Amino acid sequence: MPDKDYPKLGVVGHSVKKVDAFGLAAGAPVFVADEIPRDCVYMAMVFSPHAHARILGIDASEALAMDGVLAVYTHKDVPRVIHTTAGQGYPEPSPYDTYMLDDKVRFVGDRVAAVVATDRHLVREAVKRVKVEYEVLDAVFDPREALKPGAPVIHDEPQARMPIPVTYDPKRNLAAHVEAIVGDVDAGERDADVVVEGYFYHHQYQHSPIEPHVCLAWPDPNGRLIIKTSTQVPFHVRRIVAARLGIPIRQIRVIKPRIGGGFGTKQEVLLEDIAGFAALQLKRPVLFEYNRTEELRSSRTRHAMYIRMRAGAKQDGSLSFIDMHAVMNTGAYGSHGLTVLSNTGSKTLPLYRWPNIRFIGDTAYTNLPVAGAYRGYGGTQGGFALEATMDELARKLGIDPVKFRRMNHIREGQTSPIFEALGEGKAGVPQTVNSCGLDACLDKGADAFGWDRPIPKRVDGPIRRGKGMVTLMQGSAIPDIDMGAASIKLNEDGSFNLLVGATDLGTGSDTVLAQIAAEVLHVPVEKVIVYSSDTDLTPFDVGAYASSTTYLSGMAVKKAAEKMRDRIFDVAARLSGVPVDELVLTDGAVQAGDKGLVTFERIGLSTLYEKDQQQLIATASHIVHQSPPPFSAHFAQVAVDTETGIIKVERYVAAVDCGQAINPALAEGQIEGAVVNGLSAALYEELRYNEKGALKNKDFDTYKIMGTMDLPRIRTILVPTHEPTGPFGAKSVSEICINGPMPVISNAVYDAVGIRLREAPFTPEKVLALLRDKGY
């Protein structure tokens with residue numbers, strides 16, 4: 001039946017309590033390692049001490065002689081199936097370049113052998129007793145050097161391949177190559193009145209989730225493999241592990257409980273294969289968890305990237321051209337190496353109306369730890385270079401940075417050729433911007449920050465103050481690729497079970513999806529019982545990545561709830577004798593004209609126990625054909641100590657258009673979390689290595705992340721718009737704001753002291769060196 005203008009409960013758009021809040025606050029055992037079976041055994045890994053080496057021999061006899069050590073698995077003991085660890089849709093747009101265990105290691109921290117023992121302390125001691133003979137090979141750590149002729153070849157195995165038809169040449173250490181050209185860049189440069197050029201470096205850092213990677217695997221009584229794991233992608237885990245172990249998908253069940261943070265690093269299949277293998281071999285539960293050093297070194301990181309930018313504009317402020325060249329470091333394996341590189345252009349370049357565009361990128365293998373998905377996913381690296389370049393253009397033209405962006409940003413009803421030219425592993429999808437609140441973000445953000453008020457630049461001795469701003473865009477899901485589904489059933493008390501494959505990482509997506517269902521069905525959120533992320537019991541969903549959950553999975557929930565609403569109307573019409581088109585939903589009941597209310601409890605009892613018995617259940621799927629961008633404007637004030645080089649961010653304002661915020665408090669939490677994530681990366685975080693590629697800062701004593709004492713005053717502003725392709729007008733919010741801190745600090749520091757920060761992180765040593773060059 002067609003949609004009607006039903007009375008609204010107003011569940012959507014309100015900050016209802018998280019559905020899992022009480023259990024989390026009370027310390028309930030909701031995480032993977034909280035409930036360990038009595039007969040559980042423990043796994044730990046022998047990791048490589050060399051950046052590049054062949055394994056000549058492994059002697060595990062001393063470890064196996066220890067009482068309680070059950071097994072030591074090497075590359076000779078496990079299935080030899082080449083694969084990717086990237087938790088992406090099939091076929092994965094990442095190289096198949098990884099084995100469960102291999103006879104070659106490619107970075108310090110690569111897997112050598114797996115040890116299983118009856119005690120978690122014993123297994124760590126047994127790891128030390130495994131003796132490995134290596135042939136050490138030459139290593140390369142700089143992606144620019146890795147691409148040069150004569151560089152050590154990291155993947156010389158003939159089986160390495162790309163499962164999709166794109167450029168891939170491991171003999172040259174080339175993991176991916178991307179090109180997109182629009183118009184004539186050379187002609188655009190000739191027409192430009194002002195041209196700026198700059199080299200930028202975005203560094204490598206780690207996600208630092210409070211819960212490292214952890215997986216519990218066990219065989220059930222019927223021989224099926226059950227995997228309970230801290231993952232963002234349970235259905236991808238099931239498919240990929242099945243392929244690695246050579247068993248049918250139907251033999252595996254993956255359960256995702258609560259997660260202690262992901263941020264992209266858990267969009268990988270890292271532990272589940274070897275833990276599952278051991279569980280089937282030993283016929284016992286196996287727990288495999290990383291400690292903090294292993295998480296920092298052997299999980300996944302942000303892709304480091306070198307970017308050369310050239311851009312030009314005319315004297316009237318209109319843009320002429322942009323030329324962006326990127327060289328990205330994927331580390332020892334190519335997980336997400338193509339798609340992050342593509343997004344460096346696709347999630348940034350459409351923001352402005354460039355008539356001439358050239359984007360060229362290469363992803364190189366090196367002998368450093370492996371990069372992977374990280375919140376922002378290429379938009380963070382590209383946004384740094386683009387927004388610093390826009391600031392330089394504005395200053396060279398003598399135009400206020402806010403005005404310059406307002407003159408040139410994409411608007412509702414407009415498109416960009418980059419949407420079609422750059423996709424994720426293939427060509428993109430042409431699309432028109434249906435919703436854009438960027439002007440309002442600029443207005444509200446500038447007003448809240450006081451952009452038009454001058455900042456006293458020199459007040460306190462060596463301290464200089466400055467201000468900066470940036471604009472940003474991202475995306476919402478991957479068009480024509482990702483799909484999500486949901487099922488909903490009615491119970492006899494008028495409540496509903498909502499089953500979703502979508503993955504709540506602590507973001508509150510279970511709550512948001514419950515709100516969407518409750519809004520359609522006109523019940524309070526408390527009457528929607530959410531169960532998510534269990535490959536046996538919930539419908540398929542790609543998982544939590546690409547800012548997809550609210551926009552993609554939310555539409556699946558909305559469609560399923562609408563189907564349920566229609567089935568409820570059919571039963572209510574039978575019970576009341578009132579035609580369906582005269583029925584109206586109202587607060588957990590159906591208003592049947594002058595026949596009164598037919599409650600959901602009455603409908604549930606009738607369908608389960610009385611005439612025409614049936615379970616009222618509805619299932620719906622949704623695939624997106626667009627990726628509507630959220631937009632944001634960020635403003636920051638910094639204080640630079642010219643004697644020490646220390647930068648302090650004093651004030652920060654982020655105004656964000658994410659469409660209709662389903663739960664404003666959760667949306668603001670995502671904005672604030674992303675801003676802090678970005679500030680920490682810009683100022684503090686960096687994985688540092690010695691000359692042999694070994695990680696030097698191995699724990700939180702030496703790997704600095706931002707603490708509460710470091711935080712500036714942060715103000716978030718939600719700018720409402722309506723995205724017609726999203727549930728109740730919603731689009732994404734979780735990633736976009738991590739892209740702002742690095743360029744906005746660079747721009748504010750330039751305003752304060754006249755130095756342009758192009759190499760992150762912005763440490764005091766780097767700042768001080770530039771200040772000295774400037775004559776401070």
# chains A, B, ... in the order shown; residues from 1 in each chain; ligands from 1

$ select_by_dssp --residues "segment 477-566 of chain A" --states "strand (DSSP E)" --output "PDB file with N, CA, C and O atoms, in the first residue's frame"
ATOM      1  N   MET A 483      25.411  -4.128   0.319  1.00  0.00           N
ATOM      2  CA  MET A 483      24.011  -4.442   0.592  1.00  0.00           C
ATOM      3  C   MET A 483      23.844  -4.763   2.071  1.00  0.00           C
ATOM      4  O   MET A 483      24.717  -5.353   2.695  1.00  0.00           O
ATOM      5  N   GLY A 484      22.725  -4.365   2.616  1.00  0.00           N
ATOM      6  CA  GLY A 484      22.368  -4.710   3.984  1.00  0.00           C
ATOM      7  C   GLY A 484      20.940  -5.209   4.037  1.00  0.00           C
ATOM      8  O   GLY A 484      20.124  -4.895   3.163  1.00  0.00           O
ATOM      9  N   ALA A 485      20.626  -6.000   5.056  1.00  0.00           N
ATOM     10  CA  ALA A 485      19.285  -6.559   5.180  1.00  0.00           C
ATOM     11  C   ALA A 485      18.853  -6.544   6.637  1.00  0.00           C
ATOM     12  O   ALA A 485      19.668  -6.444   7.551  1.00  0.00           O
ATOM     13  N   ALA A 486      17.543  -6.654   6.835  1.00  0.00           N
ATOM     14  CA  ALA A 486      16.980  -6.652   8.185  1.00  0.00           C
ATOM     15  C   ALA A 486      15.711  -7.482   8.201  1.00  0.00           C
ATOM     16  O   ALA A 486      14.998  -7.583   7.195  1.00  0.00           O
ATOM     17  N   SER A 487      15.432  -8.095   9.350  1.00  0.00           N
ATOM     18  CA  SER A 487      14.178  -8.825   9.568  1.00  0.00           C
ATOM     19  C   SER A 487      13.547  -8.313  10.854  1.00  0.00           C
ATOM     20  O   SER A 487      14.245  -7.951  11.806  1.00  0.00           O
ATOM     21  N   ILE A 488      12.231  -8.322  10.879  1.00  0.00           N
ATOM     22  CA  ILE A 488      11.522  -7.867  12.072  1.00  0.00           C
ATOM     23  C   ILE A 488      10.298  -8.752  12.276  1.00  0.00           C
ATOM     24  O   ILE A 488       9.627  -9.127  11.313  1.00  0.00           O
ATOM     25  N   LYS A 489      10.045  -9.147  13.528  1.00  0.00           N
ATOM     26  CA  LYS A 489       8.877  -9.998  13.812  1.00  0.00           C
ATOM     27  C   LYS A 489       8.120  -9.447  15.010  1.00  0.00           C
ATOM     28  O   LYS A 489       8.699  -8.825  15.908  1.00  0.00           O
ATOM     29  N   LEU A 490       6.823  -9.693  14.996  1.00  0.00           N
ATOM     30  CA  LEU A 490       5.932  -9.210  16.051  1.00  0.00           C
ATOM     31  C   LEU A 490       5.751 -10.290  17.110  1.00  0.00           C
ATOM     32  O   LEU A 490       5.503 -11.455  16.797  1.00  0.00           O
ATOM     33  N   PHE A 496       8.694  -6.047  19.261  1.00  0.00           N
ATOM     34  CA  PHE A 496       9.252  -6.523  18.001  1.00  0.00           C
ATOM     35  C   PHE A 496      10.694  -6.970  18.214  1.00  0.00           C
ATOM     36  O   PHE A 496      11.441  -6.347  18.976  1.00  0.00           O
ATOM     37  N   ASN A 497      11.064  -8.045  17.546  1.00  0.00           N
ATOM     38  CA  ASN A 497      12.470  -8.437  17.444  1.00  0.00           C
ATOM     39  C   ASN A 497      13.007  -7.919  16.120  1.00  0.00           C
ATOM     40  O   ASN A 497      12.461  -8.237  15.055  1.00  0.00           O
ATOM     41  N   LEU A 498      14.060  -7.124  16.206  1.00  0.00           N
ATOM     42  CA  LEU A 498      14.719  -6.605  15.013  1.00  0.00           C
ATOM     43  C   LEU A 498      16.052  -7.324  14.855  1.00  0.00           C
ATOM     44  O   LEU A 498      16.919  -7.245  15.735  1.00  0.00           O
ATOM     45  N   LEU A 499      16.216  -8.042  13.770  1.00  0.00           N
ATOM     46  CA  LEU A 499      17.437  -8.793  13.493  1.00  0.00           C
ATOM     47  C   LEU A 499      18.177  -8.110  12.353  1.00  0.00           C
ATOM     48  O   LEU A 499      17.634  -7.948  11.254  1.00  0.00           O
ATOM     49  N   VAL A 500      19.415  -7.714  12.635  1.00  0.00           N
ATOM     50  CA  VAL A 500      20.208  -7.003  11.625  1.00  0.00           C
ATOM     51  C   VAL A 500      21.621  -7.569  11.593  1.00  0.00           C
ATOM     52  O   VAL A 500      22.197  -7.911  12.622  1.00  0.00           O
ATOM     53  N   VAL A 528      11.426  -2.360  20.777  1.00  0.00           N
ATOM     54  CA  VAL A 528      12.187  -2.948  19.664  1.00  0.00           C
ATOM     55  C   VAL A 528      13.432  -3.596  20.252  1.00  0.00           C
ATOM     56  O   VAL A 528      14.321  -2.927  20.781  1.00  0.00           O
ATOM     57  N   ILE A 529      13.484  -4.916  20.205  1.00  0.00           N
ATOM     58  CA  ILE A 529      14.584  -5.690  20.781  1.00  0.00           C
ATOM     59  C   ILE A 529      15.559  -6.007  19.647  1.00  0.00           C
ATOM     60  O   ILE A 529      15.217  -6.757  18.724  1.00  0.00           O
ATOM     61  N   VAL A 530      16.750  -5.459  19.724  1.00  0.00           N
ATOM     62  CA  VAL A 530      17.701  -5.588  18.629  1.00  0.00           C
ATOM     63  C   VAL A 530      18.670  -6.728  18.895  1.00  0.00           C
ATOM     64  O   VAL A 530      19.224  -6.848  19.996  1.00  0.00           O
ATOM     65  N   TYR A 531      18.869  -7.555  17.873  1.00  0.00           N
ATOM     66  CA  TYR A 531      19.925  -8.567  17.901  1.00  0.00           C
ATOM     67  C   TYR A 531      20.700  -8.431  16.599  1.00  0.00           C
ATOM     68  O   TYR A 531      20.109  -8.460  15.511  1.00  0.00           O
ATOM     69  N   SER A 532      22.020  -8.266  16.721  1.00  0.00           N
ATOM     70  CA  SER A 532      22.805  -7.956  15.526  1.00  0.00           C
ATOM     71  C   SER A 532      24.021  -8.858  15.407  1.00  0.00           C
ATOM     72  O   SER A 532      24.518  -9.407  16.390  1.00  0.00           O
TER      73      SER A 532
END

$ residues_around --residues "Arg239 of chain A" --least-positions-apart "3" --cutoff "12 Å" --atoms "only C-alpha atoms" --output "PyMOL selection string"
chain A and resi 83-92+233-236+242-254+269+272-273+535+540+542

$ residues_around --residues "segment 545-547 of chain A" --least-positions-apart "6" --cutoff "8 Å" --atoms "only C-alpha atoms" --output "list in words"
Gln232, Gly264, Gln267, Tyr377, Gly475, Ser476, Ala477, Ile478, Ser732, Val733, Ser734 and Glu735 of chain A

$ write_last_selection --atoms "N, CA, C and O atoms" --output "mmCIF file, in the first residue's frame"
data_model
loop_
_atom_site.group_PDB
_atom_site.id
_atom_site.type_symbol
_atom_site.label_atom_id
_atom_site.label_comp_id
_atom_site.auth_asym_id
_atom_site.auth_seq_id
_atom_site.Cartn_x
_atom_site.Cartn_y
_atom_site.Cartn_z
ATOM 1 N N GLN A 232 34.487 -5.961 12.624
ATOM 2 C CA GLN A 232 33.533 -5.054 11.989
ATOM 3 C C GLN A 232 32.756 -5.744 10.874
ATOM 4 O O GLN A 232 31.781 -5.189 10.372
ATOM 5 N N GLY A 264 38.238 0.862 11.891
ATOM 6 C CA GLY A 264 38.765 0.351 10.628
ATOM 7 C C GLY A 264 39.718 -0.807 10.786
ATOM 8 O O GLY A 264 39.785 -1.680 9.921
ATOM 9 N N GLN A 267 38.314 -4.194 10.296
ATOM 10 C CA GLN A 267 37.779 -4.569 8.987
ATOM 11 C C GLN A 267 38.801 -5.481 8.298
ATOM 12 O O GLN A 267 39.087 -5.346 7.112
ATOM 13 N N TYR A 377 39.622 6.844 5.615
ATOM 14 C CA TYR A 377 39.861 5.958 4.478
ATOM 15 C C TYR A 377 40.280 6.691 3.199
ATOM 16 O O TYR A 377 39.603 6.668 2.188
ATOM 17 N N GLY A 475 31.511 10.343 2.232
ATOM 18 C CA GLY A 475 30.525 9.590 1.469
ATOM 19 C C GLY A 475 29.637 8.822 2.415
ATOM 20 O O GLY A 475 29.839 8.818 3.628
ATOM 21 N N SER A 476 28.637 8.146 1.858
ATOM 22 C CA SER A 476 27.722 7.319 2.652
ATOM 23 C C SER A 476 27.543 5.992 1.922
ATOM 24 O O SER A 476 26.784 5.903 0.955
ATOM 25 N N ALA A 477 28.283 4.962 2.346
ATOM 26 C CA ALA A 477 28.245 3.620 1.754
ATOM 27 C C ALA A 477 28.898 3.620 0.376
ATOM 28 O O ALA A 477 29.307 4.665 -0.146
ATOM 29 N N ILE A 478 29.025 2.429 -0.209
ATOM 30 C CA ILE A 478 29.658 2.252 -1.508
ATOM 31 C C ILE A 478 28.569 1.917 -2.520
ATOM 32 O O ILE A 478 27.946 0.856 -2.437
ATOM 33 N N SER A 732 25.581 9.944 6.344
ATOM 34 C CA SER A 732 26.589 9.485 7.295
ATOM 35 C C SER A 732 27.171 10.623 8.133
ATOM 36 O O SER A 732 27.073 11.794 7.794
ATOM 37 N N VAL A 733 27.851 10.219 9.254
ATOM 38 C CA VAL A 733 28.476 11.205 10.129
ATOM 39 C C VAL A 733 29.777 10.703 10.743
ATOM 40 O O VAL A 733 30.585 11.493 11.227
ATOM 41 N N SER A 734 30.051 9.402 10.709
ATOM 42 C CA SER A 734 31.082 8.838 11.586
ATOM 43 C C SER A 734 32.510 9.138 11.162
ATOM 44 O O SER A 734 33.406 9.164 12.005
ATOM 45 N N GLU A 735 32.780 9.341 9.868
ATOM 46 C CA GLU A 735 34.159 9.473 9.406
ATOM 47 C C GLU A 735 34.590 10.899 9.121
ATOM 48 O O GLU A 735 35.746 11.259 9.339
#

$ residues_around --residues "Gly596 of chain A" --least-positions-apart "4" --cutoff "12 Å" --atoms "only C-alpha atoms" --output "list in words"
Ala572, Ala573, Leu575, Ser576, Gly577, Val578, Leu583, Val584, Leu585, Thr586, Ala589, Val590, Gln591 and Ala592 of chain A

$ write_last_selection --atoms "all heavy atoms" --output "CSV table (one decimal), in the first residue's frame"
chain,number,residue,atom,x,y,z
A,572,ALA,N,-5.3,-6.2,11.2
A,572,ALA,CA,-6.2,-5.3,11.9
A,572,ALA,C,-7.5,-5.1,11.1
A,572,ALA,O,-8.6,-5.0,11.7
A,572,ALA,CB,-5.5,-3.9,12.1
A,573,ALA,N,-7.4,-5.1,9.8
A,573,ALA,CA,-8.6,-5.0,9.0
A,573,ALA,C,-9.5,-6.2,9.1
A,573,ALA,O,-10.7,-6.1,9.2
A,573,ALA,CB,-8.2,-4.9,7.5
A,575,LEU,N,-9.6,-8.2,11.8
A,575,LEU,CA,-10.1,-8.2,13.2
A,575,LEU,C,-11.2,-7.1,13.4
A,575,LEU,O,-12.2,-7.3,14.2
A,575,LEU,CB,-9.0,-8.0,14.2
A,575,LEU,CG,-8.0,-9.1,14.3
A,575,LEU,CD1,-6.9,-8.7,15.3
A,575,LEU,CD2,-8.7,-10.4,14.8
A,576,SER,N,-11.1,-6.0,12.7
A,576,SER,CA,-12.0,-4.8,12.9
A,576,SER,C,-13.1,-4.7,11.9
A,576,SER,O,-14.1,-4.1,12.1
A,576,SER,CB,-11.2,-3.5,13.0
A,576,SER,OG,-10.7,-3.2,11.7
A,577,GLY,N,-12.9,-5.3,10.7
A,577,GLY,CA,-13.8,-5.1,9.6
A,577,GLY,C,-13.7,-3.8,9.0
A,577,GLY,O,-14.5,-3.5,8.1
A,578,VAL,N,-12.7,-3.0,9.3
A,578,VAL,CA,-12.5,-1.7,8.7
A,578,VAL,C,-11.5,-1.9,7.5
A,578,VAL,O,-10.5,-2.5,7.7
A,578,VAL,CB,-11.9,-0.7,9.7
A,578,VAL,CG1,-11.6,0.6,9.0
A,578,VAL,CG2,-13.0,-0.5,10.8
A,583,LEU,N,-7.3,2.7,7.9
A,583,LEU,CA,-6.6,2.4,9.2
A,583,LEU,C,-5.4,3.4,9.4
A,583,LEU,O,-4.8,3.8,8.4
A,583,LEU,CB,-6.1,1.0,9.2
A,583,LEU,CG,-7.1,-0.1,9.1
A,583,LEU,CD1,-6.4,-1.5,9.0
A,583,LEU,CD2,-8.1,-0.1,10.2
A,584,VAL,N,-5.1,3.7,10.6
A,584,VAL,CA,-4.0,4.6,10.9
A,584,VAL,C,-3.2,4.0,12.1
A,584,VAL,O,-3.9,3.6,13.1
A,584,VAL,CB,-4.5,6.0,11.3
A,584,VAL,CG1,-3.4,6.9,11.7
A,584,VAL,CG2,-5.2,6.6,10.1
A,585,LEU,N,-1.9,4.0,12.1
A,585,LEU,CA,-1.1,3.6,13.2
A,585,LEU,C,-1.1,4.7,14.3
A,585,LEU,O,-1.0,5.9,13.9
A,585,LEU,CB,0.4,3.4,12.8
A,585,LEU,CG,0.7,2.1,12.1
A,585,LEU,CD1,2.2,2.0,11.9
A,585,LEU,CD2,0.2,0.9,12.9
A,586,THR,N,-1.1,4.3,15.5
A,586,THR,CA,-1.0,5.3,16.6
A,586,THR,C,-0.5,4.6,17.9
A,586,THR,O,-1.2,3.8,18.4
A,586,THR,CB,-2.4,6.0,16.9
A,586,THR,OG1,-2.3,6.9,18.0
A,586,THR,CG2,-3.5,5.0,17.1
A,589,ALA,N,-0.7,0.7,18.3
A,589,ALA,CA,-2.0,0.2,18.0
A,589,ALA,C,-2.4,0.7,16.6
A,589,ALA,O,-1.8,1.6,16.1
A,589,ALA,CB,-3.0,0.6,19.1
A,590,VAL,N,-3.5,0.2,16.2
A,590,VAL,CA,-4.1,0.6,14.9
A,590,VAL,C,-5.5,1.2,15.2
A,590,VAL,O,-6.3,0.6,15.9
A,590,VAL,CB,-4.3,-0.6,13.9
A,590,VAL,CG1,-5.0,-0.1,12.6
A,590,VAL,CG2,-3.0,-1.3,13.6
A,591,GLN,N,-5.6,2.5,14.8
A,591,GLN,CA,-6.9,3.2,14.9
A,591,GLN,C,-7.8,2.7,13.8
A,591,GLN,O,-7.6,3.0,12.6
A,591,GLN,CB,-6.7,4.7,14.9
A,591,GLN,CG,-8.0,5.5,15.0
A,591,GLN,CD,-8.7,5.3,16.4
A,591,GLN,OE1,-8.0,5.5,17.4
A,591,GLN,NE2,-9.9,4.9,16.4
A,592,ALA,N,-8.9,2.0,14.1
A,592,ALA,CA,-9.8,1.4,13.2
A,592,ALA,C,-11.1,2.2,13.1
A,592,ALA,O,-12.2,1.7,13.4
A,592,ALA,CB,-10.1,0.0,13.5

$ closest_residue --among "A:Asn677, A:Asn663, A:Thr642, A:Gln637" --to "Gly466 of chain A" --atoms "only C-alpha atoms"
A:Gln637

$ residues_around --residues "segment 693-705 of chain A" --least-positions-apart "5" --cutoff "8 Å" --atoms "only C-alpha atoms" --output "MDAnalysis selection string"
chainID A and resid 49:51 107:108 141 292:293 296:297 367:368 680:681 684:688

$ select_by_dssp --residues "segment 6-168 of chain A" --states "helix (DSSP H, G or I)" --output "list in words"
Ala21, Phe22, Gly23, Leu24, Ala25, Val32, Ala33, Asp34, Ser61, Glu62, Ala63, Leu64, Arg120, His121, Leu122, Val123, Arg124, Glu125, Ala126, Val127, Lys128, Arg129, Pro143, Arg144, Glu145 and Ala146 of chain A

$ write_last_selection --atoms "C-alpha atoms" --output "compact mmCIF listing (two decimals), in the first residue's frame"
# COMPACT_ATOMS: atom_id res chain seq x y z
CA ALA A 21 23.81 1.37 27.86
CA PHE A 22 22.90 -0.41 31.09
CA GLY A 23 24.90 -3.57 30.42
CA LEU A 24 27.98 -1.62 29.40
CA ALA A 25 27.73 0.75 32.36
CA VAL A 32 34.80 -11.64 23.50
CA ALA A 33 37.21 -12.44 26.32
CA ASP A 34 34.72 -11.85 29.15
CA SER A 61 60.93 -29.33 19.99
CA GLU A 62 61.81 -27.39 23.13
CA ALA A 63 58.42 -25.68 23.18
CA LEU A 64 56.54 -28.91 22.55
CA ARG A 120 47.92 -17.87 28.72
CA HIS A 121 51.25 -17.30 30.51
CA LEU A 122 52.64 -20.67 29.48
CA VAL A 123 51.91 -20.03 25.82
CA ARG A 124 53.91 -16.78 25.90
CA GLU A 125 56.84 -18.61 27.47
CA ALA A 126 56.60 -21.39 24.89
CA VAL A 127 56.80 -18.82 22.07
CA LYS A 128 60.28 -17.90 23.33
CA ARG A 129 61.39 -21.55 23.05
CA PRO A 143 57.50 3.62 -0.89
CA ARG A 144 59.23 5.95 -3.34
CA GLU A 145 62.38 3.84 -3.16
CA ALA A 146 60.38 0.61 -3.34

$ closest_atom_pairs --of "segment 531-604 of chain A" --to "segment 714-727 of chain A" --cutoff "7 Å" --atoms "only C-alpha atoms" --output "CSV"
residue,atom,partner,partner_atom,distance
A:Tyr551,CA,A:Gly726,CA,5.4
A:Gly554,CA,A:Pro727,CA,6.0
A:Met555,CA,A:Pro727,CA,5.2
A:Lys558,CA,A:Pro727,CA,6.7

$ write_last_selection --atoms "all heavy atoms" --output "PDB file, in the first residue's frame"
ATOM      1  N   TYR A 551      22.895   4.902   6.791  1.00  0.00           N
ATOM      2  CA  TYR A 551      22.357   5.171   5.452  1.00  0.00           C
ATOM      3  C   TYR A 551      21.923   3.892   4.746  1.00  0.00           C
ATOM      4  O   TYR A 551      20.818   3.825   4.185  1.00  0.00           O
ATOM      5  CB  TYR A 551      23.414   5.897   4.624  1.00  0.00           C
ATOM      6  CG  TYR A 551      22.982   6.222   3.209  1.00  0.00           C
ATOM      7  CD1 TYR A 551      22.004   7.185   2.968  1.00  0.00           C
ATOM      8  CD2 TYR A 551      23.547   5.562   2.130  1.00  0.00           C
ATOM      9  CE1 TYR A 551      21.600   7.481   1.678  1.00  0.00           C
ATOM     10  CE2 TYR A 551      23.163   5.863   0.833  1.00  0.00           C
ATOM     11  CZ  TYR A 551      22.188   6.817   0.608  1.00  0.00           C
ATOM     12  OH  TYR A 551      21.790   7.107  -0.686  1.00  0.00           O
ATOM     13  N   GLY A 554      20.143   1.264   7.681  1.00  0.00           N
ATOM     14  CA  GLY A 554      18.953   1.966   8.149  1.00  0.00           C
ATOM     15  C   GLY A 554      17.812   1.906   7.158  1.00  0.00           C
ATOM     16  O   GLY A 554      16.641   1.791   7.539  1.00  0.00           O
ATOM     17  N   MET A 555      18.128   1.969   5.849  1.00  0.00           N
ATOM     18  CA  MET A 555      17.073   1.863   4.848  1.00  0.00           C
ATOM     19  C   MET A 555      16.511   0.448   4.787  1.00  0.00           C
ATOM     20  O   MET A 555      15.302   0.255   4.565  1.00  0.00           O
ATOM     21  CB  MET A 555      17.617   2.276   3.481  1.00  0.00           C
ATOM     22  CG  MET A 555      17.624   3.780   3.265  1.00  0.00           C
ATOM     23  SD  MET A 555      15.998   4.572   3.400  1.00  0.00           S
ATOM     24  CE  MET A 555      15.178   3.928   1.949  1.00  0.00           C
ATOM     25  N   LYS A 558      14.139   0.306   7.658  1.00  0.00           N
ATOM     26  CA  LYS A 558      12.926   1.081   7.360  1.00  0.00           C
ATOM     27  C   LYS A 558      12.000   0.303   6.425  1.00  0.00           C
ATOM     28  O   LYS A 558      10.783   0.237   6.638  1.00  0.00           O
ATOM     29  CB  LYS A 558      13.315   2.421   6.725  1.00  0.00           C
ATOM     30  CG  LYS A 558      12.148   3.372   6.455  1.00  0.00           C
ATOM     31  CD  LYS A 558      12.661   4.736   6.035  1.00  0.00           C
ATOM     32  CE  LYS A 558      11.514   5.729   5.832  1.00  0.00           C
ATOM     33  NZ  LYS A 558      10.774   5.476   4.577  1.00  0.00           N
TER      34      LYS A 558
END
